[in-house]
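Undergrad: The structure that follows is given in the form of structure tokens.
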Amino acid sequence: MNGYAGKLLDIDLSTATIQEKILDEQLARKYLSGLGFNAEILYRELQPGIDPLGPENILVFNVGVMVGTNIPTASRIEASAKSPLTGRFGTTNSGNYWGSELKFAGYDGVIVRGRAEKPTYVLIRDEEVKFLDGGHLWGKDCWEAIDLIRADHRDPEIQVALIGPAGENLVRFASIENGYYDAWARTGLGAVMGSKNLKAIAVRGTGSVKVAHKREFLSAVDETRRAIVSSPFFGAFSKFGSMLATGPYHEFGALPGRNFQTGYLPTWWETRGRPQVPKFSKRGVGCIACNIACAHWAEVKEGPFAGLKMKDLEVTPVFAFGAQCDIEDLSVVVKATEVCQRLGMDLVSAGSSVAFAMELVQRGILTRDDLGFELPWGEVEGSLQLLEDIALRKGVGAVLAEGTGRAGEKIAGAMDCAMTVKGLEIPMYDPRGRWSTWTLGFLTNLRGGDHLRSRNPVENLKYNENIEPYRTEKFGFDLKLYEQLDMPAAVKEDIFTAPAGEVNVAKMAKWAEDLLALYNSLGICIRPPVLQQVGPTLMAKLYTTLTGWEITPEEMIQAGERIWNLQKLFNLREGEARSEHVFPERFYRVPLPEGPAAGRVLDRERVEAALDEYFQARGWDPATTGPGTEKLQELGLRQ
Amino acid sequence: MAKELVINPQRCIGCTTCALTCSITYGEDFNLNRAFVQILKDDRKGLFSIAFSSACKGCKKCAEVCPSGALRTIEVADKPKEGQ
Ligand code: SF4
Ligand code: SF4
Ligand code: SF4
């Protein structure tokens, strides 16, 4: 096969069996790879209502078909299972080198079933696939465990997907770490891996990825590279990475300060803003095939954590620990990132859990006696201690390990402090401070409150006022970019309201979700320079010349829609209802107290109207929030 | 003017695009073992080393696609002929 390795590994830990499955061409054309394969497999094979932490849950990793080639940013692997945090389709994407090693070993993906009797790890080295005793790794943090696995096999190039103590202890937001510094972080798949007694999947491959039409393919790759480099975001993204976003939300007054109690932190820009980046980082580090290198090598030069060196200084932990917990010192955020990476926890949910506990302390619901230490806003030692307590399920940590949604139900009076949508902690910024495609996406996203799968490619980072509040957002760039945007003319006309230069949020959300589902199903990265520049036309060109299987841009975007709908069907089968598409009460009731967005509060009716418009754009029933027969037929998803 | 390949491993981001590109240029598929340039990763430290094999053709394609400047070409004056 071209592009594809052509085989999936099917591993059953209960029976200690390993099977190879030949990839079905029809299925591959329909669901592409990555996220598409994961959705297809889990929807077909999982029974609704199962315990996500029982042996009946299935954990799947599928690598994008483009990974292993020189397509810029083609490095990504999607991991999915039923989420122990949300009870929905749990899914998460990561890059680095694990995916290319797996492709070079001859596999597109790995399906993991059952539960091993004792701690185990799996080694995949080209055709050699085996279960190995993981006793010496259990209890070790992720960094130590990688070192041990590499030493076991005397190969420093082995790539490792693994869990830390948090996954072993079934923390509901445990991550699967991908090497030292990357992760499949959200929705708690580390706990699923832990429930299977599986510490790690170590991979090394020395084979090939084949190309159908080499000359045409390489010219499409060149075109892609040129397009990415031409993005207005390219230079800044290579230089500052995602830390770019520290500016706009501060200017909007939409920071998630002190667990979403304030959108404005007076010292934010001087202490935690983008200008701090050069103090910590000098150079970029990239995933395989990436020409952006959004990740940076960070070194802490002074203070108690001086000498700490790692990849990377990323904006999500800066918002989680820097804003939500109001920790001023970025070197502490780097330290907290390290702690979470070693323990194997999602930085967003972990930071949110600490912020949640801090608010409970503020309100007198939790005390020093409950915690064993002080935990005021901005507290450094207490925060790091709490992270460890969560991972080891010690004291209050055991309750927080359930996620803030469940903890909010268990601790009297705490529910109002759990900042989740559909069970997933909201990252990044306060919806009251800014309405946009992204904000609506916190509600429509299939994994819950999430910023990574519903994102306007022409993100507005300049203006915060629109002609039709809740319905539109201003186009964020020079209108030239609008002309260039790879989007069918009719869709463009429908989404873009000329001459006001605004974007219809509901319709853009649909487009963006389908598009992002494609990136996650092809193995390319969703970072803004790619998102702006690589649309269905270029994707179709790359896919066709790589695999030799003709696909049109229209079929491409429809595949994205199909994959989005299939995940939705999974969630509906688990009982997802319209009533769950809501923000925490605080956002409707309590106005932001200070800063540029002071006084703002969400209008419940208008939020509901925006949702109605979104469901309509999707061709879904606004009451059930799902596709009807007609939509399913159109997408080839007849049940 | 001739072109010369300059190597600066401190700038390398580890993307391996050089080796991927070399392998597809001289072979029919992507295979890092068949590339004439190898990137060895110390990913814990974020350091990479760049090693060319003796079979390298000197075409500098790898430098053309290198995004970081770790591999790049510079113009050099042609060497004066011996005896001049
Ligand atoms: S942009 Fe960043 S996350 Fe995406 S592939 Fe490149 S280095 Fe990896
Ligand atoms: S100079 Fe040409 S042959 Fe040599 S490593 Fe670079 S691409 Fe390969
Ligand atoms: S030398 Fe250049 S192309 Fe090769 S891995 Fe380093 S940065 Fe990437």
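Within each chain, counting starts at residue 1; across the structure tokens, chains are named A, B, ... in the order shown, with ligands numbered 1 upward in that order.
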Within 7 Å of A:Arg604, counting only C-alpha atoms, which residues qualify if same-chain residues fewer than 3 places away don't, as a list in words?
TA: Tyr588, Val607 and Glu608 of chain A
Undergrad: With DSSP run on the backbone, what are the strand (DSSP E) residues within stretch 180-249 of chain A? I'd like them as a list in words.
TA: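 DSSP-assigned strand (DSSP E) residues in stretch 180-249 of chain A: Asp182, Ala183, Trp184, Leu198, Lys199, Ala200, Ile201, Ala202, Val203, Arg204, Val209 and Lys210 of chain A.
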Undergrad: What does the file look like for those residues with N, CA, C and O atoms, as an mmCIF file, in the first residue's frame?
TA:
```
data_model
loop_
_atom_site.group_PDB
_atom_site.id
_atom_site.type_symbol
_atom_site.label_atom_id
_atom_site.label_comp_id
_atom_site.auth_asym_id
_atom_site.auth_seq_id
_atom_site.Cartn_x
_atom_site.Cartn_y
_atom_site.Cartn_z
ATOM 1 N N ASP A 182 5.872 15.398 25.286
ATOM 2 C CA ASP A 182 4.601 15.518 24.566
ATOM 3 C C ASP A 182 3.589 14.579 25.213
ATOM 4 O O ASP A 182 3.954 13.719 25.995
ATOM 5 N N ALA A 183 2.334 14.747 24.854
ATOM 6 C CA ALA A 183 1.331 13.899 25.500
ATOM 7 C C ALA A 183 0.048 13.801 24.697
ATOM 8 O O ALA A 183 -0.312 14.716 23.958
ATOM 9 N N TRP A 184 -0.632 12.670 24.881
ATOM 10 C CA TRP A 184 -2.044 12.563 24.576
ATOM 11 C C TRP A 184 -2.691 12.925 25.903
ATOM 12 O O TRP A 184 -2.790 12.076 26.805
ATOM 13 N N LEU A 198 -1.228 -1.559 31.596
ATOM 14 C CA LEU A 198 -0.264 -1.370 30.512
ATOM 15 C C LEU A 198 0.541 -0.105 30.782
ATOM 16 O O LEU A 198 -0.002 0.996 30.769
ATOM 17 N N LYS A 199 1.809 -0.257 31.068
ATOM 18 C CA LYS A 199 2.646 0.902 31.399
ATOM 19 C C LYS A 199 3.076 1.656 30.142
ATOM 20 O O LYS A 199 3.131 2.879 30.144
ATOM 21 N N ALA A 200 3.416 0.911 29.098
ATOM 22 C CA ALA A 200 4.023 1.603 27.951
ATOM 23 C C ALA A 200 3.878 0.806 26.662
ATOM 24 O O ALA A 200 3.720 -0.412 26.681
ATOM 25 N N ILE A 201 3.927 1.529 25.561
ATOM 26 C CA ILE A 201 4.096 0.906 24.250
ATOM 27 C C ILE A 201 5.351 1.535 23.644
ATOM 28 O O ILE A 201 5.379 2.736 23.371
ATOM 29 N N ALA A 202 6.390 0.717 23.508
ATOM 30 C CA ALA A 202 7.679 1.212 23.021
ATOM 31 C C ALA A 202 7.844 0.780 21.573
ATOM 32 O O ALA A 202 7.559 -0.368 21.231
ATOM 33 N N VAL A 203 8.272 1.711 20.728
ATOM 34 C CA VAL A 203 8.264 1.448 19.291
ATOM 35 C C VAL A 203 9.575 1.830 18.623
ATOM 36 O O VAL A 203 10.149 2.888 18.905
ATOM 37 N N ARG A 204 10.008 0.977 17.717
ATOM 38 C CA ARG A 204 11.161 1.310 16.883
ATOM 39 C C ARG A 204 10.932 0.681 15.518
ATOM 40 O O ARG A 204 10.623 -0.511 15.419
ATOM 41 N N VAL A 209 7.898 4.086 4.137
ATOM 42 C CA VAL A 209 6.555 4.513 3.748
ATOM 43 C C VAL A 209 6.613 4.783 2.248
ATOM 44 O O VAL A 209 7.468 5.538 1.776
ATOM 45 N N LYS A 210 5.706 4.148 1.517
ATOM 46 C CA LYS A 210 5.748 4.228 0.056
ATOM 47 C C LYS A 210 4.867 5.360 -0.468
ATOM 48 O O LYS A 210 3.882 5.737 0.155
#
```
Undergrad: Pull out every residue of chain B sitting within 12 Å of chain A, counting only C-alpha atoms, and send them as number ranges by chain.
TA: B: 9-35, 39-48, 62, 64-70
Undergrad: Could you tell me, counting only C-alpha atoms and all ligand atoms, which protein and nucleic acid residues lie no more than 6 Å from ligand 2, written as a PyMOL selection string?
TA: chain B and resi 22+36-37+56-62
Undergrad: Find, counting only C-alpha atoms and all ligand atoms, the residue in A:Ser436, A:Asn520, A:Ser83, A:Ser353 that gets nearest to ligand 1.
TA: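 Of A:Ser436, A:Asn520, A:Ser83, A:Ser353, the one nearest ligand 1 is A:Asn520, counting only C-alpha atoms and all ligand atoms.
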Undergrad: Given only C-alpha atoms as the basis, pick out the residue of A:Gly90, A:Gly164, A:Pro317, A:Gly49 nearest to A:Ala391.
TA: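 Residue with the minimum atom-to-atom distance to A:Ala391: A:Gly164.
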Undergrad: May I ask which of the residues B:Leu71, B:Met1, B:Val6, B:Gln38 is the closest one to ligand 3, counting only C-alpha atoms and all ligand atoms?
TA: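 That would be B:Leu71, the residue with the smallest distance to ligand 3.
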Undergrad: So that I can check the surroundings of A:Gly303, please list as a ChimeraX atom specification every protein, DNA and RNA residue that reaches within 10 Å of it, counting only C-alpha atoms and ignoring chain neighbours fewer than 5 positions away.
TA: /A:329,331-332
Undergrad: Please, could you write that set of residues out with N, CA and C atoms as an mmCIF file, in the first residue's frame?
TA:
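Generated output (again_8.cif):
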```cif
data_model
loop_
_atom_site.group_PDB
_atom_site.id
_atom_site.type_symbol
_atom_site.label_atom_id
_atom_site.label_comp_id
_atom_site.auth_asym_id
_atom_site.auth_seq_id
_atom_site.Cartn_x
_atom_site.Cartn_y
_atom_site.Cartn_z
ATOM 1 N N ASP A 329 5.012 33.600 38.627
ATOM 2 C CA ASP A 329 6.356 33.322 38.142
ATOM 3 C C ASP A 329 6.318 32.211 37.078
ATOM 4 N N SER A 331 8.625 30.560 35.821
ATOM 5 C CA SER A 331 9.487 29.399 36.068
ATOM 6 C C SER A 331 8.735 28.354 36.904
ATOM 7 N N VAL A 332 7.757 28.789 37.692
ATOM 8 C CA VAL A 332 6.932 27.834 38.439
ATOM 9 C C VAL A 332 6.021 27.069 37.469
#
```
Undergrad: Looking only at helix (DSSP H, G or I) from DSSP on the backbone, list the matching residues of stretch 59-246 of chain A as number ranges by chain.
TA: A: 98-105, 142-152, 165-168, 186-195, 214-229, 234-246
Undergrad: Excluding same-chain residues fewer than 2 positions from A:Phe477, what lies within 10 Å of it counting only C-alpha atoms, as JSON, numbers by chain?
TA: {"A": [232, 458, 459, 460, 461, 462, 474, 475, 479, 480, 481, 482, 501]}
Undergrad: Quick one: of A:Lys394, A:Arg76, A:Arg447, A:Arg363, who's nearest to ligand 1, counting only C-alpha atoms and all ligand atoms?
TA: A:Arg76
Undergrad: Which distance in Å separates atom CA of A:Phe237 and atom CA of A:Pro529, to one decimal?
TA: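 The value is 7.7 Å.
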Undergrad: Could you pull the residues within 8 Å of stretch 430-434 of chain A, counting only C-alpha atoms, minus those fewer than 2 positions along the same chain, as a ChimeraX atom specification?
TA: /A:252-256,260,263,428,436,439,464,587,591-592,597,600-602
